[in-house]
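Everything below belongs to structure-v4.txt, which stores compact mmCIF, C-alpha atoms.
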# COMPACT_ATOMS: atom_id res chain seq x y z
CA MET A 1 79.60 -105.05 61.66
CA LYS A 2 82.26 -102.36 61.61
CA ILE A 3 81.49 -99.33 63.70
CA PHE A 4 82.80 -95.92 62.65
CA ILE A 5 84.01 -93.88 65.60
CA ALA A 6 84.41 -90.23 64.65
CA ALA A 7 87.72 -88.72 65.70
CA ILE A 8 86.96 -85.94 68.12
CA ALA A 9 89.10 -83.97 70.51
CA ILE A 10 87.63 -84.10 73.98
CA THR A 11 89.22 -82.42 76.94
CA LEU A 12 88.48 -84.51 80.00
CA LEU A 13 87.55 -82.17 82.81
CA LEU A 14 87.21 -84.83 85.44
CA THR A 15 85.27 -84.61 88.64
CA PRO A 16 85.91 -87.12 91.43
CA PRO A 17 83.25 -89.84 91.60
CA ASN A 18 80.81 -89.77 94.49
CA ARG A 19 81.95 -92.60 96.75
CA ALA A 20 78.75 -92.60 98.78
CA VAL A 21 76.42 -94.75 96.73
CA ALA A 22 72.92 -93.31 96.58
CA LYS A 23 70.55 -96.16 97.34
CA ASP A 24 67.36 -95.07 95.58
CA ILE A 25 66.63 -95.65 91.91
CA LEU A 26 63.81 -93.88 90.09
CA TYR A 27 61.94 -95.66 87.32
CA SER A 28 58.59 -95.76 85.55
CA SER A 29 56.33 -98.78 85.82
CA TYR A 30 52.93 -100.03 84.65
CA GLN A 31 52.61 -102.10 87.81
CA SER A 32 49.52 -100.22 89.05
CA GLY A 33 47.74 -100.32 85.66
CA ASN A 34 49.11 -97.01 84.40
CA TRP A 35 52.59 -95.66 83.70
CA GLU A 36 53.64 -93.98 86.95
CA VAL A 37 56.88 -92.91 88.63
CA TRP A 38 58.23 -95.34 91.24
CA ILE A 39 61.26 -95.48 93.52
CA VAL A 40 63.16 -98.50 94.88
CA ASP A 41 66.42 -98.99 96.74
CA SER A 42 69.42 -100.56 95.01
CA GLN A 43 68.67 -103.95 96.60
CA GLY A 44 65.16 -104.08 95.14
CA ASN A 45 63.52 -103.43 98.51
CA ARG A 46 60.62 -101.11 99.37
CA PRO A 47 59.33 -100.19 95.89
CA ARG A 48 57.03 -97.19 96.27
CA GLN A 49 54.73 -95.46 93.81
CA LEU A 50 55.27 -91.67 93.72
CA THR A 51 52.64 -90.54 91.20
CA ARG A 52 48.98 -91.43 90.81
CA THR A 53 47.23 -89.61 87.98
CA SER A 54 45.17 -90.28 84.88
CA GLU A 55 48.14 -89.24 82.73
CA GLU A 56 51.12 -91.48 82.02
CA GLU A 57 54.36 -90.47 83.72
CA ARG A 58 57.74 -91.37 82.23
CA TYR A 59 61.45 -90.51 82.31
CA PRO A 60 61.92 -89.52 85.98
CA ALA A 61 65.20 -87.67 86.65
CA TRP A 62 66.96 -86.75 89.89
CA SER A 63 67.97 -83.13 90.41
CA PRO A 64 71.70 -82.64 91.12
CA ASP A 65 71.04 -82.37 94.88
CA ARG A 66 68.58 -85.30 94.75
CA LYS A 67 65.90 -83.22 96.47
CA LYS A 68 63.70 -82.86 93.38
CA ILE A 69 62.45 -85.14 90.62
CA ALA A 70 61.50 -84.08 87.10
CA TYR A 71 59.33 -86.27 84.92
CA ALA A 72 57.38 -86.12 81.65
CA THR A 73 53.81 -87.08 80.83
CA ASN A 74 52.22 -88.53 77.72
CA THR A 75 50.48 -85.17 77.20
CA GLY A 76 53.83 -83.48 76.59
CA LYS A 77 54.13 -81.73 79.96
CA ILE A 78 57.00 -81.75 82.43
CA TYR A 79 56.45 -81.70 86.18
CA LEU A 80 58.67 -81.25 89.22
CA MET A 81 58.07 -82.84 92.62
CA ASP A 82 59.87 -83.48 95.89
CA ARG A 83 61.73 -86.77 96.24
CA ASP A 84 58.86 -88.16 98.32
CA GLY A 85 56.32 -87.42 95.56
CA LYS A 86 54.84 -84.37 97.26
CA ASN A 87 54.48 -80.76 96.03
CA LYS A 88 53.99 -81.62 92.35
CA LYS A 89 54.36 -78.55 90.15
CA LEU A 90 53.87 -78.08 86.41
CA LEU A 91 56.99 -76.58 84.86
CA THR A 92 55.72 -73.43 83.20
CA GLY A 93 57.31 -71.47 80.39
CA ILE A 94 57.43 -74.41 77.97
CA SER A 95 54.99 -75.30 75.21
CA GLY A 96 54.40 -78.09 72.71
CA LYS A 97 55.18 -81.74 73.32
CA CYS A 98 58.10 -82.02 75.73
CA ASP A 99 59.84 -85.19 76.89
CA GLN A 100 62.97 -86.80 78.37
CA PRO A 101 64.02 -84.28 81.06
CA ALA A 102 67.68 -84.30 82.15
CA TRP A 103 69.20 -82.00 84.78
CA ARG A 104 72.37 -80.06 84.07
CA PRO A 105 74.87 -80.80 86.90
CA LYS A 106 75.58 -78.13 89.51
CA THR A 107 72.66 -75.96 88.31
CA ASN A 108 68.89 -75.57 88.54
CA LYS A 109 68.62 -75.92 84.76
CA LEU A 110 66.61 -78.69 83.17
CA THR A 111 67.30 -79.93 79.65
CA PHE A 112 64.49 -81.58 77.69
CA VAL A 113 63.43 -82.66 74.21
CA SER A 114 60.88 -80.44 72.47
CA PHE A 115 58.98 -81.96 69.56
CA THR A 116 57.75 -79.45 66.99
CA TYR A 117 55.07 -80.06 64.42
CA ARG A 118 56.81 -79.55 61.12
CA LYS A 119 56.63 -81.52 57.93
CA GLY A 120 58.49 -84.71 58.71
CA GLU A 121 60.16 -85.77 61.96
CA HIS A 122 61.82 -83.07 64.04
CA SER A 123 62.75 -82.12 67.59
CA ASP A 124 65.08 -79.73 69.42
CA ILE A 125 66.87 -79.95 72.76
CA ARG A 126 66.08 -77.00 75.02
CA GLU A 127 66.99 -75.85 78.51
CA ILE A 128 65.06 -73.94 81.16
CA ASP A 129 65.92 -72.53 84.57
CA THR A 130 63.53 -74.28 86.98
CA GLU A 131 63.83 -71.45 89.50
CA THR A 132 62.77 -68.64 87.17
CA SER A 133 60.80 -70.63 84.56
CA ASN A 134 61.85 -68.12 81.92
CA LYS A 135 61.52 -68.90 78.23
CA PRO A 136 63.58 -72.03 77.45
CA VAL A 137 66.73 -71.69 75.37
CA LYS A 138 67.29 -73.89 72.33
CA ILE A 139 70.69 -75.58 72.71
CA VAL A 140 70.62 -78.28 69.98
CA SER A 141 68.74 -78.11 66.69
CA LYS A 142 69.55 -80.36 63.75
CA LYS A 143 67.77 -81.88 60.79
CA GLY A 144 65.95 -84.93 62.15
CA VAL A 145 65.04 -85.88 65.70
CA VAL A 146 67.45 -85.22 68.56
CA ASN A 147 66.70 -87.02 71.80
CA PHE A 148 68.09 -88.69 74.96
CA PRO A 149 70.20 -85.74 76.22
CA ALA A 150 72.74 -86.48 78.99
CA TRP A 151 75.25 -84.08 80.54
CA SER A 152 78.86 -84.75 81.48
CA PRO A 153 79.56 -84.47 85.25
CA ASP A 154 81.13 -81.02 84.81
CA GLY A 155 78.08 -79.76 82.91
CA ASN A 156 80.16 -78.63 79.94
CA ARG A 157 79.41 -81.37 77.40
CA LEU A 158 76.12 -82.82 76.25
CA VAL A 159 75.78 -86.22 74.58
CA TYR A 160 72.60 -86.95 72.65
CA ALA A 161 71.17 -89.22 69.95
CA LEU A 162 70.36 -88.00 66.43
CA PHE A 163 67.57 -89.96 64.75
CA HIS A 164 67.03 -89.95 60.98
CA ARG A 165 65.95 -92.27 58.18
CA GLY A 166 68.28 -94.19 55.89
CA PRO A 167 67.91 -94.72 52.10
CA PHE A 168 65.37 -97.49 52.64
CA GLU A 169 63.53 -95.71 55.49
CA GLN A 170 65.43 -97.72 58.12
CA VAL A 171 65.96 -96.09 61.50
CA ILE A 172 69.46 -94.72 62.07
CA GLU A 173 70.56 -93.13 65.34
CA GLU A 174 73.97 -91.59 65.92
CA LEU A 175 75.55 -90.30 69.11
CA TRP A 176 76.80 -86.72 69.05
CA ILE A 177 78.57 -84.53 71.60
CA LYS A 178 78.06 -80.80 72.00
CA ASP A 179 80.71 -78.76 73.77
CA ALA A 180 78.69 -76.11 75.60
CA ILE A 181 81.77 -73.90 76.13
CA ALA A 182 83.19 -73.91 72.61
CA GLU A 183 79.70 -74.21 71.04
CA THR A 184 80.88 -77.05 68.78
CA GLU A 185 79.26 -80.38 67.92
CA SER A 186 80.93 -83.60 66.79
CA PRO A 187 79.72 -87.12 65.94
CA LEU A 188 80.79 -89.81 68.38
CA ILE A 189 79.23 -93.09 67.15
CA GLN A 190 78.04 -93.68 63.58
CA SER A 191 77.35 -97.29 62.64
CA GLY A 192 74.35 -97.00 60.31
CA GLN A 193 72.27 -98.65 63.04
CA GLU A 194 70.58 -97.46 66.25
CA ASN A 195 72.78 -95.99 68.98
CA PHE A 196 70.79 -94.25 71.67
CA GLN A 197 70.00 -93.79 75.41
CA PRO A 198 73.51 -92.55 76.38
CA ASP A 199 74.55 -91.83 79.97
CA TRP A 200 77.83 -90.23 81.06
CA SER A 201 79.89 -91.95 83.75
CA PRO A 202 80.39 -90.03 87.02
CA ASP A 203 84.14 -89.67 86.37
CA GLY A 204 83.59 -88.27 82.87
CA ARG A 205 85.76 -90.94 81.21
CA SER A 206 83.12 -93.02 79.41
CA ILE A 207 79.60 -93.10 78.00
CA VAL A 208 77.29 -96.11 78.27
CA PHE A 209 74.56 -96.53 75.64
CA ALA A 210 72.26 -99.00 73.87
CA SER A 211 72.82 -100.21 70.31
CA ASN A 212 71.47 -102.80 67.88
CA THR A 213 74.69 -102.86 65.84
CA THR A 214 75.16 -106.60 66.42
CA GLY A 215 71.54 -107.48 65.57
CA ASP A 216 69.60 -107.21 68.82
CA TYR A 217 69.71 -104.46 71.45
CA GLU A 218 72.73 -104.65 73.74
CA ILE A 219 74.53 -102.27 76.10
CA TRP A 220 77.91 -100.86 75.14
CA VAL A 221 80.37 -98.47 76.76
CA PHE A 222 82.54 -96.00 74.88
CA TYR A 223 85.79 -95.09 76.62
CA LEU A 224 86.90 -91.61 75.60
CA ASP A 225 90.65 -91.68 76.19
CA PRO A 226 91.93 -93.75 74.52
CA ALA A 227 88.85 -94.20 72.31
CA ARG A 228 87.52 -97.77 72.40
CA LEU A 229 84.20 -99.63 72.46
CA VAL A 230 83.28 -102.52 74.75
CA ARG A 231 80.07 -104.53 74.67
CA LEU A 232 78.71 -105.21 78.16
CA THR A 233 75.70 -107.47 77.48
CA ASP A 234 75.04 -110.37 75.14
CA SER A 235 71.56 -111.81 75.59
CA PRO A 236 68.56 -112.41 73.30
CA GLY A 237 65.86 -109.75 73.31
CA PHE A 238 66.31 -106.21 74.60
CA ASP A 239 69.02 -104.81 76.85
CA GLY A 240 69.02 -101.02 76.99
CA ASP A 241 68.26 -97.81 78.86
CA PRO A 242 71.49 -97.94 80.92
CA CYS A 243 72.42 -95.52 83.70
CA TRP A 244 75.42 -95.34 86.03
CA SER A 245 75.35 -95.62 89.80
CA PRO A 246 76.59 -92.40 91.45
CA ASP A 247 79.92 -94.06 92.36
CA GLY A 248 80.44 -95.43 88.82
CA ARG A 249 80.76 -99.04 89.97
CA LYS A 250 77.37 -100.32 88.79
CA ILE A 251 75.00 -99.84 85.87
CA ALA A 252 71.22 -100.13 86.05
CA PHE A 253 69.51 -101.12 82.81
CA VAL A 254 66.31 -102.49 81.30
CA SER A 255 66.16 -106.07 80.04
CA THR A 256 63.59 -108.53 78.71
CA ARG A 257 65.73 -111.55 79.65
CA SER A 258 63.17 -112.57 82.30
CA GLY A 259 60.21 -112.08 79.95
CA LYS A 260 58.98 -108.50 80.31
CA LYS A 261 60.99 -105.32 80.53
CA GLN A 262 62.32 -105.00 84.08
CA ILE A 263 65.09 -103.07 85.82
CA TRP A 264 68.36 -104.97 86.27
CA ILE A 265 71.74 -104.07 87.80
CA MET A 266 75.21 -105.22 86.74
CA ASP A 267 78.83 -104.36 87.49
CA LYS A 268 80.38 -101.68 85.28
CA ASP A 269 82.16 -104.40 83.27
CA GLY A 270 78.88 -106.24 82.58
CA ARG A 271 79.40 -108.99 85.17
CA ASN A 272 77.03 -110.14 87.91
CA PRO A 273 73.69 -109.04 86.44
CA HIS A 274 70.70 -109.41 88.75
CA GLN A 275 67.06 -108.43 88.48
CA LEU A 276 65.85 -105.51 90.58
CA THR A 277 62.12 -105.11 89.80
CA ARG A 278 59.51 -107.82 89.35
CA GLY A 279 55.80 -108.06 88.68
CA ARG A 280 53.16 -108.70 86.06
CA TYR A 281 53.84 -105.47 84.20
CA GLU A 282 56.84 -103.70 82.68
CA SER A 283 59.24 -101.26 84.30
CA ARG A 284 61.75 -99.01 82.55
CA ASP A 285 63.44 -95.54 82.47
CA PRO A 286 65.81 -95.98 85.46
CA ASP A 287 67.69 -93.05 86.95
CA TRP A 288 70.09 -93.83 89.80

How does the structure come out when it is put into structure tokens?
Amino acid sequence: MKIFIAAIAITLLLTPPNRAVAKDILYSSYQSGNWEVWIVDSQGNRPRQLTRTSEEERYPAWSPDRKKIAYATNTGKIYLMDRDGKNKKLLTGISGKCDQPAWRPKTNKLTFVSFTYRKGEHSDIREIDTETSNKPVKIVSKKGVVNFPAWSPDGNRLVYALFHRGPFEQVIEELWIKDAIAETESPLIQSGQENFQPDWSPDGRSIVFASNTTGDYEIWVFYLDPARLVRLTDSPGFDGDPCWSPDGRKIAFVSTRSGKKQIWIMDKDGRNPHQLTRGRYESRDPDW
């Protein structure tokens, strides 16, 4: 199926990749009988459960200095905690159903999706300063549902997915980029299918994402300059939810190729995939 790539002018403000690979990967798992936040090293050793509540915890996200973790609950709240799971704190100043937290690099600001109860499907992307907990600022608002925000390494560009319905009520998701300096927005990927869960590479040159353009869900990477698309996975079932390692050499992702959704790791070109988490229950939402 032909994919339309919108022509956009992107100035690459590159930041050098972090050569010291951070070992720990955050993820959410049902392993203990409830969706909780877990942490594991990049070899799959020493998995540890960080939350234990009656709520369901999802979408854990490292702060830029890796000292804090943000996560969302099924009740629409967002919490912060230390990297060891201690000192949990409800992020105040936000209301409604909030989800999918993502830190803005080099700041204390947290971006998140805010679902509002209007007629039809709708959400905004907002940002709040976690130090002051002032009223969050709306940074993306479009007709439809915007979700899966991810910042470029320099903190100047935001990639996100725009969800809407097609003529026959089919799900369509497009990838868009917002330039936070110029205050402009441009479409990046429009295929008439689902393109979602983007993550920006540490060097700012490419964006990895999930798509069902070829029929089932696979992982793709979009190289910005020159613009080109490369498919990284080709397996039955679901491959998605990709995220880069801090040095840009590896990609963690979620796959059902072993039966249930589990965390896997592969090289940045899609080679050498190996399973990281195991167990009776599913794991997902990795953040490296």

Best match for closeness to Ile219 (chain A) among A:Thr51, A:Ser235, A:Ser32, A:Ser141, counting only C-alpha atoms: A:Ser235

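With distances restricted to all atoms listed in the file, A:Glu194 is the closest residue to Arg165 (chain A) from A:Glu194, A:Glu55, A:Asp65, A:Asp203.
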
Interatomic distance (Å, one decimal) between CA of Ile181 (chain A) and CA of Val140 (chain A):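 So the answer is 13.5 Å.
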
Test item: residues at most 10 Å from Gln100 (chain A), only C-alpha atoms, excluding those fewer than 6 positions along its chain, as a ChimeraX atom specification: /A:58-61,70-73,76,78,111-114,125,147-150,285

Closest of A:Ser42, A:Thr116, A:Ser29, A:Asp82 to Cys98 (chain A) - atom-to-atom distances counting all atoms listed in the file: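 Closest to Cys98 (chain A) of all the choices is A:Thr116.
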
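Counting only C-alpha atoms, the residue from A:Ala182, A:Pro286, A:Gly155, A:Gln262 that sits nearest to Gln197 (chain A) is A:Pro286.
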
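Using only C-alpha atoms, the smallest distance between any of A:Asp247, A:Glu131, A:Asp199, A:Glu185 and Leu80 (chain A) comes from A:Glu131.
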
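Of the listed residues A:Thr107, A:Gln49, A:Ser191, A:Asn134, the one whose atoms come nearest to Asn156 (chain A) is A:Thr107, with distances taken using all atoms listed in the file.
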
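In this model, the gap between CA of Asp239 (chain A) and CA of Ser211 (chain A) comes to 8.9 Å.
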
Point-to-point distance from CA of Arg280 (chain A) to CA of Tyr217 (chain A), Å rounded to tenths: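 Going from CA of Arg280 (chain A) over to CA of Tyr217 (chain A) covers 22.5 Å.
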
Near-region 252-254 of chain A list (6 Å; only C-alpha atoms; drop same-chain fewer than 3 positions) as a list of chain:residue names: A:Asp239, A:Gly240, A:Asp241, A:Pro242, A:Cys243, A:Gln262, A:Ile263, A:Trp264, A:Ile265, A:Arg284

Close residues, His164 (chain A) itself excluded, 10 Å, all atoms listed in the file, min 6 positions apart in chain, as a PyMOL selection string: chain A and resi 121-122+143-146+170-174+194

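The list of residues within 10 Å of (67.6, -79.4, 87.5), counted using only C-alpha atoms, is A:Ala61, A:Trp62, A:Ser63, A:Pro64, A:Asp65, A:Arg66, A:Lys67, A:Lys68, A:Ile69, A:Ala70, A:Leu80, A:Pro101, A:Ala102, A:Trp103, A:Arg104, A:Pro105, A:Lys106, A:Thr107, A:Asn108, A:Lys109, A:Leu110, A:Thr111, A:Glu127, A:Ile128, A:Asp129, A:Thr130, A:Glu131.
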
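When the distance limit is 6 Å and all atoms listed in the file are what count, the residues near Leu26 (chain A), minus those fewer than 2 positions from it on the same chain, are Trp38, Ile39, Pro286 and Asp287 of chain A.
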
May I have the selected residues written with C-alpha atoms, as a PDB file, keeping the file's coordinate frame?
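That gives us again03.pdb:
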ATOM      1  CA  TRP A  38      58.230 -95.340  91.240  1.00  0.00           C
ATOM      2  CA  ILE A  39      61.260 -95.480  93.520  1.00  0.00           C
ATOM      3  CA  PRO A 286      65.810 -95.980  85.460  1.00  0.00           C
ATOM      4  CA  ASP A 287      67.690 -93.050  86.950  1.00  0.00           C
TER       5      ASP A 287
END
